[in-house]
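Trainee: Structure: coords.txt, compact mmCIF, C-alpha atoms.
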```txt
# COMPACT_ATOMS: atom_id res chain seq x y z
CA MET A 27 0.00 0.00 0.00
CA ASN A 28 1.34 3.40 -0.98
CA LEU A 29 0.30 5.26 2.18
CA THR A 30 0.27 9.05 1.89
CA LEU A 31 -0.56 11.87 4.24
CA GLN A 32 -4.00 12.15 2.65
CA HIS A 33 -4.65 8.45 3.25
CA VAL A 34 -3.91 8.88 6.94
CA LYS A 35 -6.11 11.98 7.13
CA ARG A 36 -9.03 10.12 5.60
CA ARG A 37 -8.43 7.05 7.70
CA TYR A 38 -8.53 8.81 11.05
CA LYS A 39 -10.98 11.40 12.27
CA SER A 40 -8.29 13.67 13.68
CA PHE A 41 -4.94 13.24 11.98
CA TYR A 42 -3.50 16.15 13.91
CA TYR A 43 -4.28 14.36 17.11
CA LEU A 44 -1.89 11.68 15.95
CA LEU A 45 0.80 14.34 16.01
CA SER A 46 0.13 15.37 19.59
CA SER A 47 2.82 14.23 22.00
CA ARG A 48 0.13 12.95 24.39
CA PHE A 49 -1.26 10.49 21.88
CA LEU A 50 2.12 9.37 20.60
CA ARG A 51 3.33 8.79 24.14
CA GLN A 52 0.27 6.88 25.31
CA ASN A 53 -0.42 4.81 22.22
CA THR A 54 2.78 4.36 20.22
CA GLY A 55 5.66 4.90 22.64
CA PHE A 56 7.05 7.67 20.43
CA TYR A 57 7.71 11.12 21.82
CA HIS A 58 8.52 13.21 18.77
CA THR A 59 6.75 13.97 15.53
CA GLY A 60 9.93 12.95 13.75
CA ASP A 61 8.85 9.35 14.39
CA MET A 62 5.75 9.77 12.24
CA VAL A 63 7.19 7.53 9.55
CA GLN A 64 6.68 4.67 11.99
CA VAL A 65 3.19 5.94 12.74
CA TYR A 66 2.45 5.70 9.03
CA ARG A 67 3.61 2.09 9.02
CA MET A 68 1.43 1.29 12.02
CA ALA A 69 -1.51 2.93 10.28
CA ALA A 70 -0.94 0.78 7.20
CA ASN A 71 -1.12 -2.33 9.39
CA ASP A 72 -4.20 -1.15 11.29
CA SER A 73 -2.16 -1.18 14.49
CA ILE A 74 -2.90 2.38 15.67
CA PRO A 75 -5.97 2.57 17.91
CA GLU A 76 -8.68 5.00 16.86
CA PRO A 77 -8.47 8.19 18.97
CA VAL A 78 -11.50 8.77 21.12
CA VAL A 79 -10.85 12.28 22.46
CA ALA A 80 -13.43 14.68 21.08
CA ASP A 81 -11.25 17.78 21.28
CA PRO A 82 -7.58 17.02 20.65
CA TRP A 83 -6.57 20.56 21.62
CA ALA A 84 -8.34 20.58 24.99
CA GLU A 85 -6.14 21.28 28.01
CA GLU A 86 -5.69 18.32 30.30
CA GLU A 87 -7.54 18.96 33.57
CA PRO A 88 -5.61 18.32 36.77
CA PRO A 89 -7.02 15.66 39.11
CA THR A 90 -9.68 16.90 41.53
CA GLY A 91 -8.25 18.22 44.78
CA VAL A 92 -4.74 18.75 43.37
CA VAL A 93 -3.43 22.31 43.34
CA THR A 94 -1.28 23.04 40.28
CA PRO A 95 2.02 24.53 41.51
CA ILE A 96 2.91 27.97 40.16
CA ASN A 97 6.58 29.04 40.09
CA ASP A 98 7.47 26.05 42.20
CA CYS A 99 11.11 27.21 42.41
CA GLN A 100 10.28 30.81 43.19
CA THR A 101 11.72 30.72 46.70
CA ASN A 102 14.62 28.37 46.00
CA PHE A 103 17.26 31.01 45.28
CA ALA A 104 17.88 31.67 48.96
CA ALA A 105 17.76 27.95 49.70
CA THR A 106 20.34 27.22 47.01
CA PHE A 107 22.81 29.69 48.52
CA PRO A 108 22.17 29.69 52.29
CA GLN A 109 23.84 31.99 54.77
CA GLY A 110 27.30 30.95 55.89
CA THR A 111 28.44 29.69 52.48
CA PRO A 112 31.07 31.40 50.29
CA GLU A 113 28.45 31.81 47.58
CA ARG A 114 26.07 33.65 49.93
CA ASP A 115 28.91 35.85 51.17
CA PHE A 116 29.70 36.76 47.57
CA LEU A 117 26.04 37.55 46.84
CA ASN A 118 25.79 39.67 49.95
CA GLU A 119 28.73 41.70 48.67
CA HIS A 120 27.17 41.95 45.21
CA PRO A 121 23.41 42.26 45.68
CA GLU A 122 22.95 43.43 42.10
CA ILE A 123 24.03 39.98 40.92
CA GLU A 124 21.40 38.26 43.04
CA VAL A 125 18.74 40.64 41.78
CA ALA A 126 19.68 39.95 38.15
CA LEU A 127 19.83 36.18 38.57
CA ASP A 128 16.73 35.99 40.73
CA GLY A 129 14.83 37.89 38.05
CA VAL A 130 15.39 35.04 35.62
CA LEU A 131 15.98 31.84 37.55
CA PHE A 132 13.54 29.79 39.60
CA LYS A 133 10.52 31.16 37.79
CA THR A 134 9.53 27.83 36.23
CA ASN A 135 8.97 24.33 37.56
CA ASP A 136 12.33 23.09 36.24
CA CYS A 137 14.08 23.39 39.58
CA GLU A 138 16.94 21.02 38.80
CA GLU A 139 18.01 22.81 35.61
CA ASP A 140 17.75 26.24 37.23
CA THR A 141 19.70 25.10 40.28
CA THR A 142 22.48 23.62 38.13
CA PHE A 143 22.78 26.80 36.10
CA ALA A 144 22.64 29.04 39.19
CA ASN A 145 25.52 27.15 40.80
CA TRP A 146 27.56 27.37 37.61
CA ALA A 147 26.81 31.09 37.19
CA ILE A 148 27.82 32.00 40.75
CA ASP A 149 30.96 29.87 40.47
CA TYR A 150 31.94 31.71 37.28
CA LEU A 151 31.18 35.15 38.69
CA MET A 152 33.16 34.43 41.85
CA GLU A 153 36.18 33.55 39.71
CA TYR A 154 35.64 36.39 37.23
CA PRO A 155 33.77 39.07 39.21
CA GLU A 156 34.38 41.72 36.55
CA THR A 157 32.11 39.85 34.13
CA PRO A 158 28.71 41.55 33.64
CA VAL A 159 26.01 39.24 34.95
CA GLU A 160 24.02 39.79 31.74
CA LEU A 161 26.75 37.99 29.81
CA VAL A 162 26.68 35.05 32.17
CA LEU A 163 22.94 34.68 31.69
CA THR A 164 23.41 34.28 27.93
CA ALA A 165 25.46 31.14 28.60
CA ARG A 166 22.29 29.08 28.94
CA TYR A 167 22.10 28.58 25.19
CA LEU A 168 25.35 26.57 25.33
CA ASP A 169 24.35 24.40 28.27
CA CYS A 170 25.27 21.39 26.15
CA LEU A 171 28.97 22.18 26.53
CA LYS A 172 29.88 20.24 29.66
CA VAL A 173 33.20 19.33 31.23
CA ASN A 174 32.46 15.61 31.57
CA GLN A 175 31.52 15.29 27.89
CA LEU A 176 34.55 17.27 26.77
CA ALA A 177 36.71 15.00 28.93
CA SER A 178 35.57 12.08 26.77
CA VAL A 179 36.97 13.91 23.74
CA PHE A 180 40.19 15.09 25.41
CA PRO A 181 40.89 12.46 28.12
CA ASN A 182 44.43 13.72 28.78
CA ALA A 183 43.47 17.37 29.28
CA PRO A 184 43.66 18.77 32.82
CA THR A 185 40.18 19.26 34.30
CA GLU A 186 41.06 22.89 35.00
CA ASN A 187 41.63 23.48 31.29
CA LEU A 188 38.38 21.77 30.33
CA LYS A 189 36.47 23.89 32.82
CA LYS A 190 38.01 27.17 31.68
CA PHE A 191 37.38 26.31 28.06
CA CYS A 192 33.73 25.37 28.65
CA ASP A 193 33.09 28.39 30.86
CA HIS A 194 34.56 31.02 28.54
CA VAL A 195 33.02 29.57 25.38
CA ARG A 196 29.61 29.43 27.06
CA VAL A 197 29.77 33.04 28.21
CA TYR A 198 31.35 34.63 25.14
CA GLY A 199 30.76 32.21 22.26
CA HIS A 200 27.73 34.06 20.90
CA PHE A 201 29.88 37.17 20.30
CA PHE A 202 31.97 35.15 17.86
CA GLY A 203 29.27 33.41 15.86
CA LEU A 204 29.28 30.01 17.59
CA ASN A 205 25.52 29.73 17.25
CA THR A 206 25.13 26.25 15.73
CA LYS A 207 26.44 22.90 16.83
CA GLU A 208 28.40 22.49 13.58
CA LYS A 209 30.29 25.76 14.13
CA LEU A 210 30.91 24.90 17.79
CA TYR A 211 32.12 21.37 17.02
CA HIS A 212 34.54 22.56 14.34
CA PHE A 213 35.95 25.24 16.64
CA ILE A 214 36.55 22.73 19.43
CA ALA A 215 38.26 20.33 17.03
CA GLN A 216 40.55 23.06 15.70
CA VAL A 217 41.53 24.09 19.22
CA GLY A 218 42.11 20.47 20.18
CA GLY A 219 44.45 19.96 17.24
CA GLU A 220 46.44 23.10 18.04
CA THR A 221 46.77 22.52 21.78
CA GLY A 222 47.51 18.82 21.97
CA GLY A 223 43.98 18.02 23.07
CA LEU A 224 43.65 21.04 25.41
CA ALA A 225 46.85 20.06 27.18
CA THR A 226 47.54 23.78 27.44
CA LEU A 227 45.38 26.89 27.07
CA ASN A 228 47.88 29.71 27.30
CA ALA A 229 50.83 28.56 25.19
CA THR A 230 53.20 31.16 23.81
CA GLU A 231 55.15 30.32 20.66
CA ASN A 232 58.49 28.74 21.40
CA LEU A 233 61.22 30.02 19.09
CA ASN A 234 64.15 28.52 20.95
CA TYR A 235 66.28 26.45 18.56
CA THR A 236 69.49 24.76 19.59
CA THR A 237 70.78 23.30 16.31
CA GLU A 238 71.68 24.86 12.97
CA ALA A 239 70.08 22.02 11.01
CA ARG A 240 66.66 22.50 12.59
CA LEU A 241 66.76 26.26 12.17
CA ARG A 242 67.57 25.95 8.47
CA GLU A 243 64.82 23.36 8.01
CA ILE A 244 62.08 25.46 9.62
CA TYR A 245 62.75 29.03 8.51
CA TYR A 246 63.11 30.28 4.94
CA GLU A 247 65.47 33.00 6.12
CA PHE A 248 68.09 30.32 6.84
CA ASN A 249 67.28 27.78 4.09
CA LEU A 250 70.34 27.53 1.86
CA ILE A 251 68.50 25.48 -0.75
CA ARG A 252 65.32 27.50 -1.29
CA ASN A 253 66.57 30.98 -0.44
CA PRO A 254 69.46 32.39 -2.46
CA ASN A 255 69.84 35.16 0.12
CA ALA A 256 69.78 32.87 3.12
CA ILE A 257 71.59 33.97 6.27
CA GLU A 258 74.76 31.96 6.55
CA ASP A 259 75.72 32.68 10.13
CA VAL A 260 72.96 31.23 12.36
CA GLU A 261 74.93 31.40 15.59
CA PRO A 262 73.35 34.71 16.79
CA TYR A 263 69.90 33.13 16.55
CA LEU A 264 70.52 29.82 18.30
CA ASN A 265 69.14 29.76 21.85
CA ASN A 266 67.86 33.27 21.22
CA SER A 267 64.05 33.19 21.03
CA GLN A 268 63.61 36.96 21.09
CA GLY A 269 66.21 37.66 18.43
CA LEU A 270 64.80 34.96 16.16
CA ALA A 271 61.22 36.21 16.53
CA ASN A 272 62.25 39.76 15.68
CA LEU A 273 63.96 38.46 12.52
CA VAL A 274 61.40 36.01 11.11
CA TYR A 275 58.37 38.16 11.96
CA CYS A 276 59.75 41.51 10.88
CA CYS A 277 58.48 43.85 8.25
CA ASP A 278 55.07 42.28 7.49
CA ASN A 279 51.46 42.50 8.68
CA GLU A 280 52.21 45.84 10.37
CA ASN A 281 55.26 44.50 12.22
CA GLY A 282 58.21 46.90 12.19
CA ASN A 283 61.81 46.04 11.35
CA GLU A 284 64.00 43.70 13.32
CA SER A 285 65.05 46.36 15.82
CA SER A 286 61.43 47.37 16.57
CA GLY A 287 60.86 44.29 18.73
CA ASP A 288 57.46 43.69 17.11
CA GLY A 289 58.33 40.13 16.12
CA TRP A 290 58.78 39.16 19.75
CA ARG A 291 55.95 41.37 20.99
CA TYR A 292 53.41 39.90 18.56
CA ARG A 293 54.57 36.28 18.40
CA GLY A 294 52.07 33.43 18.53
CA ARG A 295 49.85 33.20 21.61
CA GLY A 296 46.59 31.56 22.58
CA VAL A 297 44.70 28.42 21.58
CA LEU A 298 45.03 29.26 17.86
CA GLN A 299 48.38 31.06 18.16
CA LEU A 300 47.43 34.63 17.27
CA THR A 301 50.42 36.19 15.49
CA TRP A 302 51.36 39.55 13.87
CA LYS A 303 50.62 43.09 14.99
CA SER A 304 47.73 43.47 12.53
CA ASN A 305 45.90 40.51 14.09
CA TYR A 306 46.46 41.73 17.63
CA ARG A 307 45.18 45.16 16.62
CA GLU A 308 42.09 43.79 14.86
CA TYR A 309 41.31 41.53 17.82
CA ALA A 310 41.42 44.50 20.22
CA GLU A 311 39.27 46.55 17.85
CA TYR A 312 36.68 43.80 17.66
CA LEU A 313 36.52 43.59 21.46
CA ASN A 314 35.91 47.33 21.57
CA SER A 315 33.20 47.07 18.93
CA ILE A 316 31.22 44.56 21.01
CA GLY A 317 31.76 46.35 24.31
CA LEU A 318 34.41 44.04 25.72
CA GLY A 319 37.49 46.17 25.20
CA TRP A 320 37.65 47.16 28.84
CA PHE A 321 39.27 43.93 29.95
CA TYR A 322 42.04 43.68 27.33
CA ASN A 323 45.21 45.64 28.00
CA SER A 324 48.15 44.14 26.12
CA PRO A 325 49.30 41.15 24.02
CA ASP A 326 50.49 39.42 27.19
CA ASP A 327 46.83 39.08 28.26
CA ILE A 328 46.44 36.35 25.62
CA ALA A 329 48.94 34.21 27.53
CA ALA A 330 47.46 34.90 30.98
CA PRO A 331 46.86 31.84 33.22
CA ASN A 332 43.09 32.33 33.31
CA GLY A 333 42.89 31.39 29.62
CA LEU A 334 40.28 34.07 28.93
CA HIS A 335 41.92 35.96 26.06
CA SER A 336 43.65 32.83 24.85
CA ILE A 337 40.21 31.37 24.14
CA LEU A 338 38.54 34.63 23.04
CA SER A 339 41.35 35.41 20.59
CA GLY A 340 40.94 31.87 19.23
CA MET A 341 37.21 32.43 18.74
CA TRP A 342 37.91 35.75 17.02
CA PHE A 343 40.45 34.13 14.68
CA PHE A 344 38.02 31.29 13.93
CA LYS A 345 35.25 33.79 13.21
CA THR A 346 37.31 35.95 10.85
CA ARG A 347 39.11 33.11 9.04
CA VAL A 348 36.33 30.51 8.92
CA LEU A 349 32.84 31.69 9.81
CA ASP A 350 33.08 34.99 7.93
CA LYS A 351 34.43 33.21 4.82
CA LEU A 352 32.73 29.84 4.81
CA SER A 353 29.18 28.58 5.25
CA VAL A 354 29.57 25.97 7.98
CA ASP A 355 26.88 23.29 8.16
CA GLU A 356 26.57 19.51 8.50
CA SER A 357 28.31 18.98 5.14
CA THR A 358 31.43 21.00 6.01
CA THR A 359 34.50 18.81 6.36
CA SER A 360 37.17 19.12 9.01
CA ARG A 361 39.89 19.36 6.34
CA LYS A 362 38.18 22.34 4.72
CA VAL A 363 38.03 24.19 8.05
CA THR A 364 41.64 23.28 8.86
CA GLN A 365 42.82 24.80 5.58
CA ARG A 366 41.09 28.04 6.52
CA VAL A 367 42.68 28.13 9.97
CA ASN A 368 46.18 27.23 8.77
CA LYS A 369 46.79 26.33 5.14
CA TYR A 370 50.28 25.12 6.08
CA SER A 371 49.02 22.43 8.46
CA ASP A 372 50.97 19.19 8.19
CA LYS A 373 49.35 15.78 7.78
CA ARG A 374 49.66 15.00 11.48
CA THR A 375 47.74 18.14 12.47
CA ILE A 376 45.08 17.56 9.80
CA ASN A 377 44.52 14.01 11.05
CA ALA A 378 44.44 15.09 14.68
CA LYS A 379 41.72 17.66 14.01
CA GLN A 380 39.69 15.10 12.04
CA PHE A 381 40.04 12.63 14.91
CA PHE A 382 38.85 15.17 17.47
CA PHE A 383 35.98 16.28 15.23
CA ASN A 384 34.74 12.69 15.00
CA LYS A 385 34.96 12.23 18.77
CA ILE A 386 33.13 15.51 19.40
CA ASN A 387 30.23 14.38 17.24
CA GLN A 388 30.09 11.13 19.19
CA ASN A 389 30.27 12.62 22.69
CA LEU A 390 28.64 16.05 22.62
CA ASN A 391 24.89 16.43 22.41
CA CYS A 392 24.12 19.95 21.21
CA ASN A 393 21.06 20.85 19.17
```
Could I get this structure in the form of structure tokens?

Mentor:
Amino acid sequence: MNLTLQHVKRRYKSFYYLLSSRFLRQNTGFYHTGDMVQVYRMAANDSIPEPVVADPWAEEEPPTGVVTPINDCQTNFAATFPQGTPERDFLNEHPEIEVALDGVLFKTNDCEEDTTFANWAIDYLMEYPETPVELVLTARYLDCLKVNQLASVFPNAPTENLKKFCDHVRVYGHFFGLNTKEKLYHFIAQVGGETGGLATLNATENLNYTTEARLREIYYEFNLIRNPNAIEDVEPYLNNSQGLANLVYCCDNENGNESSGDGWRYRGRGVLQLTWKSNYREYAEYLNSIGLGWFYNSPDDIAAPNGLHSILSGMWFFKTRVLDKLSVDESTTSRKVTQRVNKYSDKRTINAKQFFFNKINQNLNCN
């Protein structure tokens, strides 16, 4: 039988009732309308019972004598953070935070979800008290990003790194276009591939070379085969990270000459190794444009232990190099994103990012 939507409509008095979650739950065991293909099959085999409710849109009446709770969690804010706890002490010092949170949380019957988020929000604000509470409230849309799930993707990463990464991406991710699971998953995979699986969050580029052979292999300035003007005497640059950075990063992307010190000042930092004066400048300008410039002071902030600007600069780089240039959806491959982030990535890095991307899709559950 070639069963169509019209067949089902004619067969049952109220086809739309079949779509109601109440009927699906009670009579088919399905909870979502996405399972309607199985409902069609059941209809073809006469295995769906005829609905008997006269008005499928009628509100279900509560049992007699039962009072329907309204704002069941309304008074749970004080109970969640009782007097004598560090959290309550913090809220007493910052009453405006409690007012803002209490205006949003514990106003539904989902006490467990609100309590979990409230504890996370206070924990974050206690660690980063300069963060506007309004920003913290926006983190609810990335509730799916959890430390335990990320630990399944990066099992060797320190828990502290996983927590910082989850926290900062949840609070600030929407400023950088991470508004779909595909964009989020690709960003996490890129960071994983660049940081050894989140082994570090605040790495600064290491330009310390101890052998002439390695220096000539890595840098064009010293390559006697490919560069006819290669520097012959490498001795001044061995075991001299600052001198080497000022040489290889001079005179491009707004960096001054070797004596300016810009090469060292604007060397690679952060989860995606932000490099060059022009990138540092554009990052700071973007923060100013979205009202976040007040907490960025210098390039060294990107290597700070709290990981904040390390992660934010990575999101900015990902936004400008990937999201602003490429339509990222379920068909976008990891290799394509990797080429946008760093077209010089070697095979090992490409494979690592693909591996992490696959694990992220298996372990994270974002919608």

Trainee: So which one's closest to Tyr245 of chain A, A:Lys351, A:Tyr263, A:Leu334, A:Ile148? Using all atoms listed in the file, please.

Mentor: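 Checking each of A:Lys351, A:Tyr263, A:Leu334, A:Ile148 against Tyr245 of chain A, counting all atoms listed in the file, the winner is A:Tyr263.
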
Trainee: Could you give me, as a CSV table (one decimal) with C-alpha atoms, in the frame of the given file, the residues within 9 Å of Ile386 of chain A, counting only C-alpha atoms and dropping anything in the same chain fewer than 2 positions from it?

Mentor:
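Saved as result11.csv:
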```csv
chain,number,residue,atom,x,y,z
A,175,GLN,CA,31.5,15.3,27.9
A,176,LEU,CA,34.6,17.3,26.8
A,178,SER,CA,35.6,12.1,26.8
A,179,VAL,CA,37.0,13.9,23.7
A,211,TYR,CA,32.1,21.4,17.0
A,212,HIS,CA,34.5,22.6,14.3
A,214,ILE,CA,36.6,22.7,19.4
A,215,ALA,CA,38.3,20.3,17.0
A,381,PHE,CA,40.0,12.6,14.9
A,382,PHE,CA,38.8,15.2,17.5
A,383,PHE,CA,36.0,16.3,15.2
A,384,ASN,CA,34.7,12.7,15.0
A,388,GLN,CA,30.1,11.1,19.2
A,389,ASN,CA,30.3,12.6,22.7
A,390,LEU,CA,28.6,16.0,22.6
A,391,ASN,CA,24.9,16.4,22.4
```

Trainee: Here is a test: counting all atoms listed in the file, which residue of A:Leu250, A:Val354, A:Ile244, A:Leu227 is nearest to Val297 of chain A?

Mentor: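 Residue with the minimum atom-to-atom distance to Val297 of chain A: A:Leu227.
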
Trainee: Excluding Thr230 of chain A and residues on its chain fewer than 6 positions from it, collect all residues at most 8 Å away from it, counting all atoms listed in the file, and give them as a PyMOL selection string.

Mentor: chain A and resi 293-296+299+329

Trainee: Using C-alpha atoms, can you export the residues from the last selection as a PDB file, in the coordinates of the input?

Mentor:
```pdb
ATOM      1  CA  ARG A 293      54.570  36.280  18.400  1.00  0.00           C
ATOM      2  CA  GLY A 294      52.070  33.430  18.530  1.00  0.00           C
ATOM      3  CA  ARG A 295      49.850  33.200  21.610  1.00  0.00           C
ATOM      4  CA  GLY A 296      46.590  31.560  22.580  1.00  0.00           C
ATOM      5  CA  GLN A 299      48.380  31.060  18.160  1.00  0.00           C
ATOM      6  CA  ALA A 329      48.940  34.210  27.530  1.00  0.00           C
TER       7      ALA A 329
END
```

Trainee: Mind listing as JSON, numbers by chain all residues within 8 Å of (55.8, 41.8, 12.2), counting only C-alpha atoms?

Mentor: {"A": [272, 275, 276, 277, 278, 279, 280, 281, 282, 283, 288, 289, 292, 302, 303]}

Trainee: For the residues in that selection, give me C-alpha atoms as a PDB file, in the coordinates of the input.

Mentor:
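Result file again_16.pdb:
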```pdb
ATOM      1  CA  ASN A 272      62.250  39.760  15.680  1.00  0.00           C
ATOM      2  CA  TYR A 275      58.370  38.160  11.960  1.00  0.00           C
ATOM      3  CA  CYS A 276      59.750  41.510  10.880  1.00  0.00           C
ATOM      4  CA  CYS A 277      58.480  43.850   8.250  1.00  0.00           C
ATOM      5  CA  ASP A 278      55.070  42.280   7.490  1.00  0.00           C
ATOM      6  CA  ASN A 279      51.460  42.500   8.680  1.00  0.00           C
ATOM      7  CA  GLU A 280      52.210  45.840  10.370  1.00  0.00           C
ATOM      8  CA  ASN A 281      55.260  44.500  12.220  1.00  0.00           C
ATOM      9  CA  GLY A 282      58.210  46.900  12.190  1.00  0.00           C
ATOM     10  CA  ASN A 283      61.810  46.040  11.350  1.00  0.00           C
ATOM     11  CA  ASP A 288      57.460  43.690  17.110  1.00  0.00           C
ATOM     12  CA  GLY A 289      58.330  40.130  16.120  1.00  0.00           C
ATOM     13  CA  TYR A 292      53.410  39.900  18.560  1.00  0.00           C
ATOM     14  CA  TRP A 302      51.360  39.550  13.870  1.00  0.00           C
ATOM     15  CA  LYS A 303      50.620  43.090  14.990  1.00  0.00           C
TER      16      LYS A 303
END
```

Trainee: Just the number, please: distance in Å from atom CA of Glu220 of chain A to atom CA of Ile376 of chain A, one decimal.

Mentor: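 Separation between atom CA of Glu220 of chain A and atom CA of Ile376 of chain A: 10.0 Å.
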
Trainee: Which residue gives the smallest distance to Phe132 of chain A among A:Thr301, A:Gln380, A:Asn249, A:Thr106, with only C-alpha atoms counted?

Mentor: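 The closest residue to Phe132 of chain A is A:Thr106.
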
Trainee: Would you output segment 285-308 of chain A from that structure, restricted to N, CA and C atoms, as a PDB file, in the first residue's frame?

Mentor:
```
ATOM      1  N   SER A 285      64.702  45.646  14.586  1.00  0.00           N
ATOM      2  CA  SER A 285      65.049  46.363  15.816  1.00  0.00           C
ATOM      3  C   SER A 285      63.815  46.895  16.558  1.00  0.00           C
ATOM      4  N   SER A 286      62.644  46.848  15.931  1.00  0.00           N
ATOM      5  CA  SER A 286      61.426  47.366  16.572  1.00  0.00           C
ATOM      6  C   SER A 286      60.952  46.491  17.724  1.00  0.00           C
ATOM      7  N   GLY A 287      61.328  45.217  17.687  1.00  0.00           N
ATOM      8  CA  GLY A 287      60.861  44.287  18.727  1.00  0.00           C
ATOM      9  C   GLY A 287      59.463  43.757  18.498  1.00  0.00           C
ATOM     10  N   ASP A 288      58.839  44.122  17.358  1.00  0.00           N
ATOM     11  CA  ASP A 288      57.462  43.687  17.109  1.00  0.00           C
ATOM     12  C   ASP A 288      57.359  42.178  16.909  1.00  0.00           C
ATOM     13  N   GLY A 289      58.384  41.581  16.332  1.00  0.00           N
ATOM     14  CA  GLY A 289      58.333  40.133  16.118  1.00  0.00           C
ATOM     15  C   GLY A 289      58.151  39.375  17.421  1.00  0.00           C
ATOM     16  N   TRP A 290      58.890  39.786  18.431  1.00  0.00           N
ATOM     17  CA  TRP A 290      58.783  39.159  19.746  1.00  0.00           C
ATOM     18  C   TRP A 290      57.496  39.572  20.445  1.00  0.00           C
ATOM     19  N   ARG A 291      57.131  40.835  20.320  1.00  0.00           N
ATOM     20  CA  ARG A 291      55.947  41.370  20.987  1.00  0.00           C
ATOM     21  C   ARG A 291      54.667  40.718  20.454  1.00  0.00           C
ATOM     22  N   TYR A 292      54.634  40.437  19.169  1.00  0.00           N
ATOM     23  CA  TYR A 292      53.413  39.905  18.559  1.00  0.00           C
ATOM     24  C   TYR A 292      53.616  38.482  18.029  1.00  0.00           C
ATOM     25  N   ARG A 293      54.397  37.696  18.764  1.00  0.00           N
ATOM     26  CA  ARG A 293      54.573  36.284  18.402  1.00  0.00           C
ATOM     27  C   ARG A 293      53.294  35.501  18.738  1.00  0.00           C
ATOM     28  N   GLY A 294      53.270  34.238  18.370  1.00  0.00           N
ATOM     29  CA  GLY A 294      52.074  33.429  18.529  1.00  0.00           C
ATOM     30  C   GLY A 294      51.669  33.200  19.973  1.00  0.00           C
ATOM     31  N   ARG A 295      50.397  33.449  20.270  1.00  0.00           N
ATOM     32  CA  ARG A 295      49.849  33.201  21.611  1.00  0.00           C
ATOM     33  C   ARG A 295      48.416  32.683  21.486  1.00  0.00           C
ATOM     34  N   GLY A 296      47.984  31.964  22.508  1.00  0.00           N
ATOM     35  CA  GLY A 296      46.593  31.556  22.581  1.00  0.00           C
ATOM     36  C   GLY A 296      46.314  30.207  21.938  1.00  0.00           C
ATOM     37  N   VAL A 297      45.061  29.767  22.036  1.00  0.00           N
ATOM     38  CA  VAL A 297      44.695  28.421  21.583  1.00  0.00           C
ATOM     39  C   VAL A 297      44.853  28.250  20.074  1.00  0.00           C
ATOM     40  N   LEU A 298      44.787  29.346  19.301  1.00  0.00           N
ATOM     41  CA  LEU A 298      45.029  29.258  17.863  1.00  0.00           C
ATOM     42  C   LEU A 298      46.230  30.097  17.445  1.00  0.00           C
ATOM     43  N   GLN A 299      47.090  30.400  18.410  1.00  0.00           N
ATOM     44  CA  GLN A 299      48.381  31.057  18.160  1.00  0.00           C
ATOM     45  C   GLN A 299      48.236  32.341  17.331  1.00  0.00           C
ATOM     46  N   LEU A 300      47.566  33.327  17.914  1.00  0.00           N
ATOM     47  CA  LEU A 300      47.426  34.635  17.270  1.00  0.00           C
ATOM     48  C   LEU A 300      48.810  35.253  17.072  1.00  0.00           C
ATOM     49  N   THR A 301      49.097  35.669  15.844  1.00  0.00           N
ATOM     50  CA  THR A 301      50.417  36.188  15.487  1.00  0.00           C
ATOM     51  C   THR A 301      50.269  37.439  14.617  1.00  0.00           C
ATOM     52  N   TRP A 302      51.260  38.322  14.653  1.00  0.00           N
ATOM     53  CA  TRP A 302      51.357  39.554  13.875  1.00  0.00           C
ATOM     54  C   TRP A 302      50.609  40.706  14.531  1.00  0.00           C
ATOM     55  N   LYS A 303      51.188  41.873  14.413  1.00  0.00           N
ATOM     56  CA  LYS A 303      50.622  43.090  14.991  1.00  0.00           C
ATOM     57  C   LYS A 303      49.237  43.389  14.428  1.00  0.00           C
ATOM     58  N   SER A 304      49.040  43.177  13.131  1.00  0.00           N
ATOM     59  CA  SER A 304      47.733  43.465  12.526  1.00  0.00           C
ATOM     60  C   SER A 304      46.634  42.628  13.151  1.00  0.00           C
ATOM     61  N   ASN A 305      46.914  41.364  13.466  1.00  0.00           N
ATOM     62  CA  ASN A 305      45.900  40.506  14.086  1.00  0.00           C
ATOM     63  C   ASN A 305      45.617  40.920  15.530  1.00  0.00           C
ATOM     64  N   TYR A 306      46.657  41.254  16.263  1.00  0.00           N
ATOM     65  CA  TYR A 306      46.458  41.726  17.635  1.00  0.00           C
ATOM     66  C   TYR A 306      45.631  43.006  17.637  1.00  0.00           C
ATOM     67  N   ARG A 307      45.926  43.907  16.693  1.00  0.00           N
ATOM     68  CA  ARG A 307      45.179  45.163  16.619  1.00  0.00           C
ATOM     69  C   ARG A 307      43.713  44.908  16.274  1.00  0.00           C
ATOM     70  N   GLU A 308      43.463  44.061  15.282  1.00  0.00           N
ATOM     71  CA  GLU A 308      42.092  43.789  14.865  1.00  0.00           C
ATOM     72  C   GLU A 308      41.300  43.065  15.962  1.00  0.00           C
TER      73      GLU A 308
END
```
